[in-house]
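J.: work.csv (CSV, C-alpha atoms) pasted underneath:
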chain,number,residue,atom,x,y,z
Y,1,MET,CA,0.9,15.3,7.0
Y,2,ALA,CA,4.1,13.9,5.5
Y,3,THR,CA,5.9,15.6,2.7
Y,4,ASN,CA,7.7,13.8,-0.2
Y,5,LEU,CA,11.0,14.7,1.5
Y,6,ASP,CA,9.8,13.2,4.8
Y,7,LEU,CA,9.0,9.9,3.0
Y,8,ILE,CA,12.4,9.8,1.3
Y,9,ARG,CA,14.3,10.7,4.5
Y,10,GLY,CA,12.3,8.0,6.3
Y,11,ALA,CA,13.2,5.4,3.7
Y,12,LEU,CA,16.9,6.3,3.7
Y,13,THR,CA,16.8,6.2,7.5
Y,14,HIS,CA,15.2,2.7,7.4
Y,15,LEU,CA,18.2,1.6,5.3
Y,16,GLY,CA,20.8,3.1,7.5
Y,17,VAL,CA,21.9,5.5,4.7
Y,18,LEU,CA,21.0,8.4,7.0
Y,19,THR,CA,20.9,8.8,10.7
Y,20,GLU,CA,17.8,10.2,12.4
Y,21,VAL,CA,19.2,13.7,12.4
Y,22,GLU,CA,20.6,13.8,8.9
Y,23,GLN,CA,18.9,15.2,5.8
Y,24,PRO,CA,19.2,13.7,2.3
Y,25,SER,CA,21.6,15.4,-0.1
Y,26,ALA,CA,20.1,17.0,-3.2
Y,27,GLU,CA,21.1,13.9,-5.2
Y,28,GLN,CA,19.6,11.5,-2.7
Y,29,ALA,CA,16.4,13.6,-2.6
Y,30,ALA,CA,16.1,13.7,-6.4
Y,31,ASP,CA,16.7,10.0,-6.7
Y,32,GLY,CA,14.2,9.3,-3.9
Y,33,LEU,CA,11.6,11.4,-5.7
Y,34,THR,CA,12.2,9.5,-8.9
Y,35,VAL,CA,11.9,6.1,-7.1
Y,36,LEU,CA,8.8,7.3,-5.2
Y,37,ASN,CA,7.1,8.1,-8.5
Y,38,ASP,CA,8.1,4.6,-9.8
Y,39,LEU,CA,6.6,3.1,-6.7
Y,40,LEU,CA,3.3,4.9,-7.0
Y,41,GLU,CA,3.2,4.1,-10.7
Y,42,ASP,CA,3.7,0.4,-9.9
Y,43,TRP,CA,0.9,0.6,-7.5
Y,44,ALA,CA,-1.4,2.3,-10.0
Y,45,GLY,CA,-0.5,-0.5,-12.5
Y,46,GLU,CA,-1.7,-3.1,-9.8
Y,47,GLY,CA,-4.9,-1.2,-9.4
Y,48,ILE,CA,-3.9,0.3,-6.1
Y,49,GLU,CA,-5.1,3.9,-6.0
Y,50,VAL,CA,-4.0,6.1,-3.1
Y,51,GLY,CA,-4.7,9.4,-4.9
Y,52,GLN,CA,-1.2,9.5,-6.5
Y,53,TYR,CA,0.0,11.6,-9.3
Y,54,PRO,CA,3.5,12.4,-10.4
Y,55,GLN,CA,5.4,14.1,-7.7
Y,56,THR,CA,7.7,17.0,-8.7
Y,57,ASP,CA,8.2,18.9,-5.5
Y,58,LEU,CA,10.0,17.6,-2.4
Y,59,SER,CA,8.2,20.0,-0.1
Y,60,GLU,CA,4.8,19.0,-1.4
Y,61,ASP,CA,2.6,16.8,0.8
Y,62,TYR,CA,2.4,13.2,-0.1
Y,63,PRO,CA,-0.8,12.8,-2.1
Y,64,GLY,CA,-2.1,9.6,-0.4
Y,65,PRO,CA,-3.9,9.0,2.8
Y,66,SER,CA,-1.8,9.3,6.0
Y,67,THR,CA,-2.6,5.7,6.8
Y,68,THR,CA,-0.4,4.6,3.9
Y,69,VAL,CA,2.7,6.7,5.0
Y,70,PRO,CA,4.4,3.8,7.0
Y,71,THR,CA,3.9,1.5,4.1
Y,72,VAL,CA,5.2,4.0,1.5
Y,73,LYS,CA,8.3,4.6,3.6
Y,74,ALA,CA,9.0,0.9,4.0
Y,75,MET,CA,8.3,0.1,0.3
Y,76,LEU,CA,10.4,3.1,-0.8
Y,77,ALA,CA,13.2,1.7,1.4
Y,78,VAL,CA,12.8,-1.7,-0.4
Y,79,TYR,CA,12.9,0.0,-3.8
Y,80,LEU,CA,16.0,2.1,-2.8
Y,81,ALA,CA,18.0,-0.7,-1.2
Y,82,SER,CA,19.6,-1.7,-4.5
Y,83,HIS,CA,20.6,1.9,-5.3
Y,84,TYR,CA,22.5,2.1,-2.1
Y,85,GLU,CA,23.6,-1.6,-2.0
Y,86,ARG,CA,22.0,-2.0,1.3
Y,87,PRO,CA,20.1,-5.0,2.6
Y,88,VAL,CA,16.5,-4.4,3.6
Y,89,PRO,CA,16.2,-4.8,7.4
Y,90,PRO,CA,13.8,-7.6,8.3
Y,91,THR,CA,11.4,-5.3,10.2
Y,92,VAL,CA,11.3,-2.9,7.3
Y,93,GLY,CA,10.5,-5.8,5.0
Y,94,MET,CA,7.8,-6.9,7.3
Y,95,ILE,CA,6.2,-3.4,7.4
Y,96,ALA,CA,6.4,-3.2,3.6
Y,97,SER,CA,4.9,-6.6,3.1
Y,98,ARG,CA,2.1,-6.2,5.6
Y,99,GLY,CA,1.2,-2.8,4.4
Y,100,TYR,CA,1.2,-3.8,0.7
Y,101,ASP,CA,-1.0,-6.8,1.6
Y,102,ARG,CA,-3.4,-4.4,3.3
Y,103,LEU,CA,-3.4,-2.1,0.2
Y,104,ILE,CA,-4.2,-5.1,-2.0
Y,105,ARG,CA,-6.9,-6.3,0.3
Y,106,ASP,CA,-8.5,-2.8,0.5
Y,107,THR,CA,-8.4,-2.5,-3.3
Y,108,VAL,CA,-10.1,-5.9,-3.8
Y,109,ARG,CA,-12.7,-5.0,-1.2
Y,110,ALA,CA,-13.4,-1.7,-2.9
Y,111,GLN,CA,-13.9,-3.4,-6.3
Y,112,ILE,CA,-16.1,-6.1,-4.9
Y,113,GLY,CA,-18.5,-3.9,-3.0
Y,114,GLU,CA,-21.1,-5.2,-0.6
Y,115,ALA,CA,-23.4,-8.1,-1.3
Y,116,ASP,CA,-27.1,-7.4,-1.7
Y,117,THR,CA,-28.9,-9.9,0.6
Y,118,SER,CA,-32.2,-8.1,0.5
Y,119,ARG,CA,-33.6,-10.2,-2.4
Y,120,LYS,CA,-34.8,-13.7,-2.1
Y,121,LEU,CA,-32.9,-15.7,-4.7
Y,122,PRO,CA,-34.3,-18.9,-6.3
Y,123,ARG,CA,-33.2,-22.1,-4.8
Y,124,GLY,CA,-32.2,-23.6,-8.2
Y,125,ASP,CA,-32.6,-27.0,-9.7
Y,126,GLY,CA,-31.9,-30.1,-7.7
Y,127,GLN,CA,-32.8,-28.6,-4.3
Y,128,CYS,CA,-34.6,-30.9,-1.9
Y,129,PRO,CA,-37.9,-29.6,-0.4
Y,130,VAL,CA,-37.6,-28.1,3.1
Y,131,ALA,CA,-38.6,-30.7,5.7
Y,132,SER,CA,-39.6,-29.9,9.2
Y,133,ILE,CA,-38.2,-32.0,12.0
Y,134,LEU,CA,-41.1,-31.0,14.2
Y,135,THR,CA,-43.9,-32.3,12.0
Y,136,GLY,CA,-42.0,-35.1,10.2
Y,137,ASP,CA,-42.9,-33.6,6.8
Could you write out this file's structure as structure tokens?
T.:
Amino acid sequence: MATNLDLIRGALTHLGVLTEVEQPSAEQAADGLTVLNDLLEDWAGEGIEVGQYPQTDLSEDYPGPSTTVPTVKAMLAVYLASHYERPVPPTVGMIASRGYDRLIRDTVRAQIGEADTSRKLPRGDGQCPVASILTGD
């Protein structure tokens, strides 16, 4: 499982602020945690629920499903780009966009639910009677 610090480190690495072997400074980690909370709050406002709640501990596990970790890292990089005056690399933007689209799609699917096709519904007004091509009726 990824910790909040892992997500922040991954986002800063995506932006080129950190190398693969560097760790965020205390200030970078604190800023990253604030922006992570902003990101998760934005998602909640859009109806995207990944089990989020305000994060206060860098060493705590990210509260969402592990399948959302790449999307969170990429989206966090997008949110942090202006803080560090860095452009978002195209591949990171693609990962963020595709992941966010998937989250929106999953949210809509969860809200719609499955259709019940077990009942026969009335045909409604204006329907033509059923004709058989075999009998000419």
J.: Could you check the closest approach to Asp42 in chain Y for each of Y:Gly64, Y:Met75, Y:Val21, Y:Ala29 and tell me which residue wins, using all atoms listed in the file?
T.: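 So, comparing all the options, the nearest one is Y:Met75.
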J.: Find the residues around range 87-96 of chain Y up to 8 Å (only C-alpha atoms counted), leave out those fewer than 6 positions away in its own chain, and share them as a list in words.
T.: His14, Leu15, Pro70, Thr71, Val72, Ala74, Met75, Ala77, Val78 and Ala81 of chain Y
J.: Set the distance at 10 Å and use all atoms listed in the file: which residues neighbour Leu36 in chain Y once local chain neighbours fewer than 5 positions away are removed? I'd like the list as a ChimeraX atom specification.
T.: /Y:4,7-8,30-31,41-42,54-55,72-73,75-77,79-80
J.: Select, from Y:Val69, Y:Tyr62, Y:His83, Y:Gln52, the residue with the minimum atom-to-atom distance to Gln28 in chain Y, counting all atoms listed in the file.
T.: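 The shortest atom-to-atom distance to Gln28 in chain Y comes from Y:His83.
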J.: What does the distance from CA of Pro63 in chain Y to CA of Val50 in chain Y come to in Å, to one decimal?
T.: 7.5 Å
J.: Mind pulling up the distance from CA of Glu27 in chain Y to CA of Gly99 in chain Y?
T.: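 Result for CA of Gly99 in chain Y versus CA of Glu27 in chain Y: 27.7 Å, one decimal.
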J.: Between CA of Gly16 in chain Y and CA of Tyr100 in chain Y, what is the distance, to one decimal in Å?
T.: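 A separation of 21.9 Å between them.
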J.: Quick one: of Y:Thr107, Y:Thr67, Y:Asn37, Y:Asp6, who's nearest to Glu20 in chain Y, counting all atoms listed in the file?
T.: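 So, comparing all the options, the nearest one is Y:Asp6.
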